[in-house]
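Here the structure comes first, spelled out in structure tokens, and everything after it is commentary.
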Amino acid sequence: MLNRSERIADILAGVLTTLVLLVLYAPVFISAIFSVVQVNDGRIMWETFSLQNYVSMWSNPSVVDALSNTAIVAASAVAIASLLAVLLALYAEWPGVIFRRGIEIAIYLPFLLPPIVTGLSLLVSSSQLGISRGLMTIIVGHTVFVLAVAYRLVLTRLQSMPRALVEASYDLGASRLQTFRFITLPYLASAIVTGAVLALTLSFDETLISVFLAGDRMTLPLRLWAMMRVGFTPEINALVTLVLLVSLVLAALVASRLRIGNSNPE
Amino acid sequence: MERLLPRVLLFALAACLPLGLVLLPIGTFLVLSFFHMENSQIVPSFWLANYANFFRNWTYLGTFLGTLWLCTQVTAICMLLGYPIAWFVWRRSGTLRYFLLLLTVLPLFMSYIVKLYTIRSVLGLNGLLNQVLVGLGILEKPSLLFMFNQHAVLGTMAVLYIPFAILPIFLTLERIPANLMEASRDLGASPWSTFRYVVFPLALPGTIAGALFTFVLALGDFVTPQMVGGTTGFTFGRVIWSQFGLAYNWPFGAAMAAILLATALLIIALASYSASRQRI
């Protein structure tokens, strides 16, 4: 079916795709190799293989501290953003909504604008209000950043919900609260979870907003950045490999959930 | 329709967080951009001096224009490489297509700082590339040629942002109905003509939107130029960042961030206009 020029174009594009994918995934392989073996003059010394770095990493108090900060920030930001996303989506779809466009622009802006703008606008306003920088300000920054994706997923799901479900619930005598609890919320549940995992992935890696809001508290990416400036230690490679694996697993989870969501929209 | 008072109350409740945490802070820093510094204190005033200073001083304006040029190059590289990749993935089918799409999208979620770290560990003075080249006898001693220059910044940004270019192109290609391509072939068009007169024009608005978003991402980046560019990578984002750190002139930094914001908003508006022109 394919003619010759089409086949050549396919092969060329395929070669390009392979090369670019190799470059894009190089960080995973490079850091994974550097974390378990020593490399001298570009030659991998397989005999030096050890998992020591993965063990010694945990005895570095600054790494453990950064990890727990990241966990606190991500958990709080994701929880707040998911809750807000549901409330705002319900409000946006409510017939009495006012100024929906304006609210949606405010929700999407932190995701679209350069992070430097979001970061320093929160920095400036928190210092005007006399709030000192710390985990609280990072949580606020992450919340406004991830709210966009959580909101988008919940809203799309809510819009696909058949009116008949809610009407049937009212006809059967359910109150508004009961309808929300037993009809709407279960319908939205999968979108809320997908949004939360996606938000978690983003919060876990967020660097450019956090750096404005962190003060002297460090999240994991900020700690890595600080360690990078000092120099390279094999320990960083172990940490970096783990960070990449966590991100990839979370992202793959989102992708599989989205795919399932698309194939049976029930 | 509900009565007005409950509507307004509910609006206030729903809108307070997005407006208070997003629009209000942006407003605050815009106001700050008119203030000025006196004896390292921020003094409220209505000065245009910060903006005048930016446009009069070639160091700042030149950096801004240089950054726009850098981002244009980054976007061009991402588009030139990203388009064939998106096209290739789009032409696959079934599981292979999904798998390839996943492979191109996943790097979006790989930590930004980690990517910078590994790029540095490849290109740096003690990096993998130097070790290999010295080991093979191609280089006498490790060279700084691969890092701390504009090419390194350009290449690194292209690697960081290419997944952002591939995804929107793929998504617009995917929306083209298959029967349009079949009709084109039935009417005797060669594969090249089908691409040139059917696929490319239909995907163009989405492609332009993708390019503009890639541009905005590169525009705001202030860490990459520092980490791989060293002293040569002095971009606009970095200049703004320095005003909030070492240089300590928040009002001036806010004024330059306002210029960045205006540029970004203009580009985002162009992108959404372009996306709205999509006819499929």
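All residue names refer to the structure tokens as shown: chains lettered A, B, ... in order, residues numbered from 1 in each chain, ligands numbered from 1 in order.
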
Within 7 Å of chain B, which residues of chain A are there when counting only C-alpha atoms? Please give them as an MDAnalysis selection string. chainID A and resid 6 10 13:14 16:17 21 24 27 31 41:42 88 96 98 103 106:107 113:117 121:122 124:125 201 205 221 225 228 240 244 247:248 251

Would you export the selected residues with N, CA and C atoms as an mmCIF file, in the first residue's frame, please?
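Output contents, as saved in again.cif:
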data_model
loop_
_atom_site.group_PDB
_atom_site.id
_atom_site.type_symbol
_atom_site.label_atom_id
_atom_site.label_comp_id
_atom_site.auth_asym_id
_atom_site.auth_seq_id
_atom_site.Cartn_x
_atom_site.Cartn_y
_atom_site.Cartn_z
ATOM 1 N N GLU A 6 6.911 7.402 0.802
ATOM 2 C CA GLU A 6 6.248 7.361 2.093
ATOM 3 C C GLU A 6 7.024 6.472 3.059
ATOM 4 N N ASP A 10 8.820 7.485 6.552
ATOM 5 C CA ASP A 10 8.539 6.751 7.786
ATOM 6 C C ASP A 10 9.815 6.304 8.479
ATOM 7 N N ALA A 13 11.699 9.346 9.942
ATOM 8 C CA ALA A 13 11.030 9.843 11.153
ATOM 9 C C ALA A 13 11.200 8.843 12.292
ATOM 10 N N GLY A 14 11.213 7.553 11.966
ATOM 11 C CA GLY A 14 11.384 6.526 12.984
ATOM 12 C C GLY A 14 12.767 6.594 13.610
ATOM 13 N N LEU A 16 14.685 9.254 13.732
ATOM 14 C CA LEU A 16 14.711 10.486 14.534
ATOM 15 C C LEU A 16 14.020 10.264 15.879
ATOM 16 N N THR A 17 12.845 9.615 15.837
ATOM 17 C CA THR A 17 12.099 9.354 17.073
ATOM 18 C C THR A 17 12.942 8.523 18.040
ATOM 19 N N LEU A 21 14.192 9.848 21.644
ATOM 20 C CA LEU A 21 13.764 9.118 22.848
ATOM 21 C C LEU A 21 14.968 8.650 23.657
ATOM 22 N N LEU A 24 16.099 11.574 25.559
ATOM 23 C CA LEU A 24 15.161 11.940 26.616
ATOM 24 C C LEU A 24 15.240 10.989 27.813
ATOM 25 N N PRO A 27 18.844 10.450 31.012
ATOM 26 C CA PRO A 27 19.002 10.735 32.441
ATOM 27 C C PRO A 27 18.728 9.533 33.332
ATOM 28 N N SER A 31 21.942 8.115 35.424
ATOM 29 C CA SER A 31 21.981 8.228 36.885
ATOM 30 C C SER A 31 21.896 6.853 37.529
ATOM 31 N N ASP A 41 37.347 7.196 33.282
ATOM 32 C CA ASP A 41 37.688 7.454 31.883
ATOM 33 C C ASP A 41 36.598 6.940 30.935
ATOM 34 N N GLY A 42 35.345 7.132 31.339
ATOM 35 C CA GLY A 42 34.249 6.741 30.464
ATOM 36 C C GLY A 42 34.030 5.243 30.412
ATOM 37 N N LEU A 88 -15.127 24.044 43.048
ATOM 38 C CA LEU A 88 -15.140 25.025 41.966
ATOM 39 C C LEU A 88 -15.818 24.472 40.719
ATOM 40 N N GLY A 96 -26.616 29.240 38.519
ATOM 41 C CA GLY A 96 -26.542 30.616 39.003
ATOM 42 C C GLY A 96 -25.140 31.196 39.027
ATOM 43 N N ILE A 98 -21.749 33.156 38.567
ATOM 44 C CA ILE A 98 -21.417 34.503 38.131
ATOM 45 C C ILE A 98 -19.945 34.530 37.739
ATOM 46 N N ILE A 103 -13.188 33.333 36.941
ATOM 47 C CA ILE A 103 -12.698 32.352 37.910
ATOM 48 C C ILE A 103 -11.822 31.317 37.212
ATOM 49 N N ALA A 106 -8.433 32.611 36.445
ATOM 50 C CA ALA A 106 -7.599 32.620 37.659
ATOM 51 C C ALA A 106 -7.101 31.218 37.987
ATOM 52 N N ILE A 107 -7.923 30.196 37.719
ATOM 53 C CA ILE A 107 -7.499 28.826 38.011
ATOM 54 C C ILE A 107 -6.390 28.376 37.054
ATOM 55 N N LEU A 113 1.229 30.520 32.968
ATOM 56 C CA LEU A 113 2.242 31.566 33.069
ATOM 57 C C LEU A 113 3.595 30.960 33.445
ATOM 58 N N PRO A 114 4.685 31.665 33.110
ATOM 59 C CA PRO A 114 5.985 31.204 33.592
ATOM 60 C C PRO A 114 5.950 31.101 35.119
ATOM 61 N N PRO A 115 6.518 30.021 35.676
ATOM 62 C CA PRO A 115 6.475 29.826 37.135
ATOM 63 C C PRO A 115 7.091 30.994 37.900
ATOM 64 N N ILE A 116 8.033 31.685 37.266
ATOM 65 C CA ILE A 116 8.683 32.808 37.939
ATOM 66 C C ILE A 116 7.650 33.881 38.308
ATOM 67 N N VAL A 117 6.630 34.066 37.473
ATOM 68 C CA VAL A 117 5.602 35.076 37.747
ATOM 69 C C VAL A 117 4.751 34.642 38.935
ATOM 70 N N SER A 121 4.951 36.581 42.522
ATOM 71 C CA SER A 121 3.739 37.290 42.940
ATOM 72 C C SER A 121 3.301 36.803 44.327
ATOM 73 N N LEU A 122 3.453 35.499 44.592
ATOM 74 C CA LEU A 122 3.123 34.999 45.935
ATOM 75 C C LEU A 122 4.154 35.456 46.963
ATOM 76 N N VAL A 124 5.911 38.310 46.860
ATOM 77 C CA VAL A 124 5.679 39.730 47.144
ATOM 78 C C VAL A 124 4.448 39.904 48.026
ATOM 79 N N SER A 125 3.344 39.202 47.693
ATOM 80 C CA SER A 125 2.136 39.435 48.489
ATOM 81 C C SER A 125 2.267 38.850 49.893
ATOM 82 N N THR A 201 2.344 14.139 41.136
ATOM 83 C CA THR A 201 3.523 14.075 40.273
ATOM 84 C C THR A 201 4.103 15.467 40.062
ATOM 85 N N ASP A 205 7.899 17.298 41.787
ATOM 86 C CA ASP A 205 9.025 17.816 41.005
ATOM 87 C C ASP A 205 9.101 19.334 40.966
ATOM 88 N N PRO A 221 13.550 18.739 45.365
ATOM 89 C CA PRO A 221 14.238 19.338 44.211
ATOM 90 C C PRO A 221 15.159 20.489 44.614
ATOM 91 N N TRP A 225 19.140 20.659 43.963
ATOM 92 C CA TRP A 225 19.735 21.815 43.296
ATOM 93 C C TRP A 225 20.923 22.323 44.116
ATOM 94 N N MET A 228 23.786 19.931 43.827
ATOM 95 C CA MET A 228 24.414 20.004 42.515
ATOM 96 C C MET A 228 25.456 21.105 42.437
ATOM 97 N N VAL A 240 18.810 10.719 42.869
ATOM 98 C CA VAL A 240 18.252 11.144 41.593
ATOM 99 C C VAL A 240 17.535 9.988 40.895
ATOM 100 N N LEU A 244 13.580 9.938 39.876
ATOM 101 C CA LEU A 244 13.095 9.677 38.520
ATOM 102 C C LEU A 244 12.123 8.515 38.503
ATOM 103 N N SER A 247 8.717 9.560 39.868
ATOM 104 C CA SER A 247 7.975 10.362 38.890
ATOM 105 C C SER A 247 7.419 9.494 37.778
ATOM 106 N N LEU A 248 8.263 8.590 37.262
ATOM 107 C CA LEU A 248 7.830 7.779 36.127
ATOM 108 C C LEU A 248 6.692 6.848 36.520
ATOM 109 N N ALA A 251 3.529 8.960 36.871
ATOM 110 C CA ALA A 251 3.037 9.402 35.568
ATOM 111 C C ALA A 251 2.422 8.247 34.788
#

Pull the helix (DSSP H, G or I) assignments for range 22-226 of chain A out of DSSP run on the backbone, and list those residues as a ChimeraX atom specification. /A:22-36,46-48,52-59,61-93,100-112,115-128,135-159,163-171,176-205,210-213,220-226

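Between CA of Ala165 in chain B and CA of Ala275 in chain B the interatomic distance comes to 14.3 Å.
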
Work out how far CA of Pro234 in chain A is from CA of Leu67 in chain A, in Å to one decimal.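 Between CA of Leu67 in chain A and CA of Pro234 in chain A the gap is 18.1 Å.
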
Residues near range 201-211 of chain B, cut-off 10 Å, only C-alpha atoms, skip fewer than 4 positions along chain, as an MDAnalysis selection string: chainID B and resid 72 74:76 78:79 82:83 162 164:176 195:197 215:216 267:280

Give me the residues within 7 Å of Val153 in chain B as a list of chain:residue names, counting only C-alpha atoms and dropping any in the same chain fewer than 5 places off.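 So, after excluding close chain neighbours, the residues are B:Thr224, B:Pro225, B:Val228, B:Gly229, B:Gly233.
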
Same residues, C-alpha atoms, saved as a PDB file, in the first residue's frame:
ATOM      1  CA  THR B 224      18.850  26.129  33.005  1.00  0.00           C
ATOM      2  CA  PRO B 225      20.839  29.195  31.847  1.00  0.00           C
ATOM      3  CA  VAL B 228      24.643  24.970  32.026  1.00  0.00           C
ATOM      4  CA  GLY B 229      25.277  28.508  30.750  1.00  0.00           C
ATOM      5  CA  GLY B 233      23.724  32.265  30.073  1.00  0.00           C
TER       6      GLY B 233
END

Can you tell me how far CA of Pro186 in chain A sits from CA of Phe111 in chain A, in Å to one decimal?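 Rounded to one decimal, the two atoms are 27.4 Å apart.
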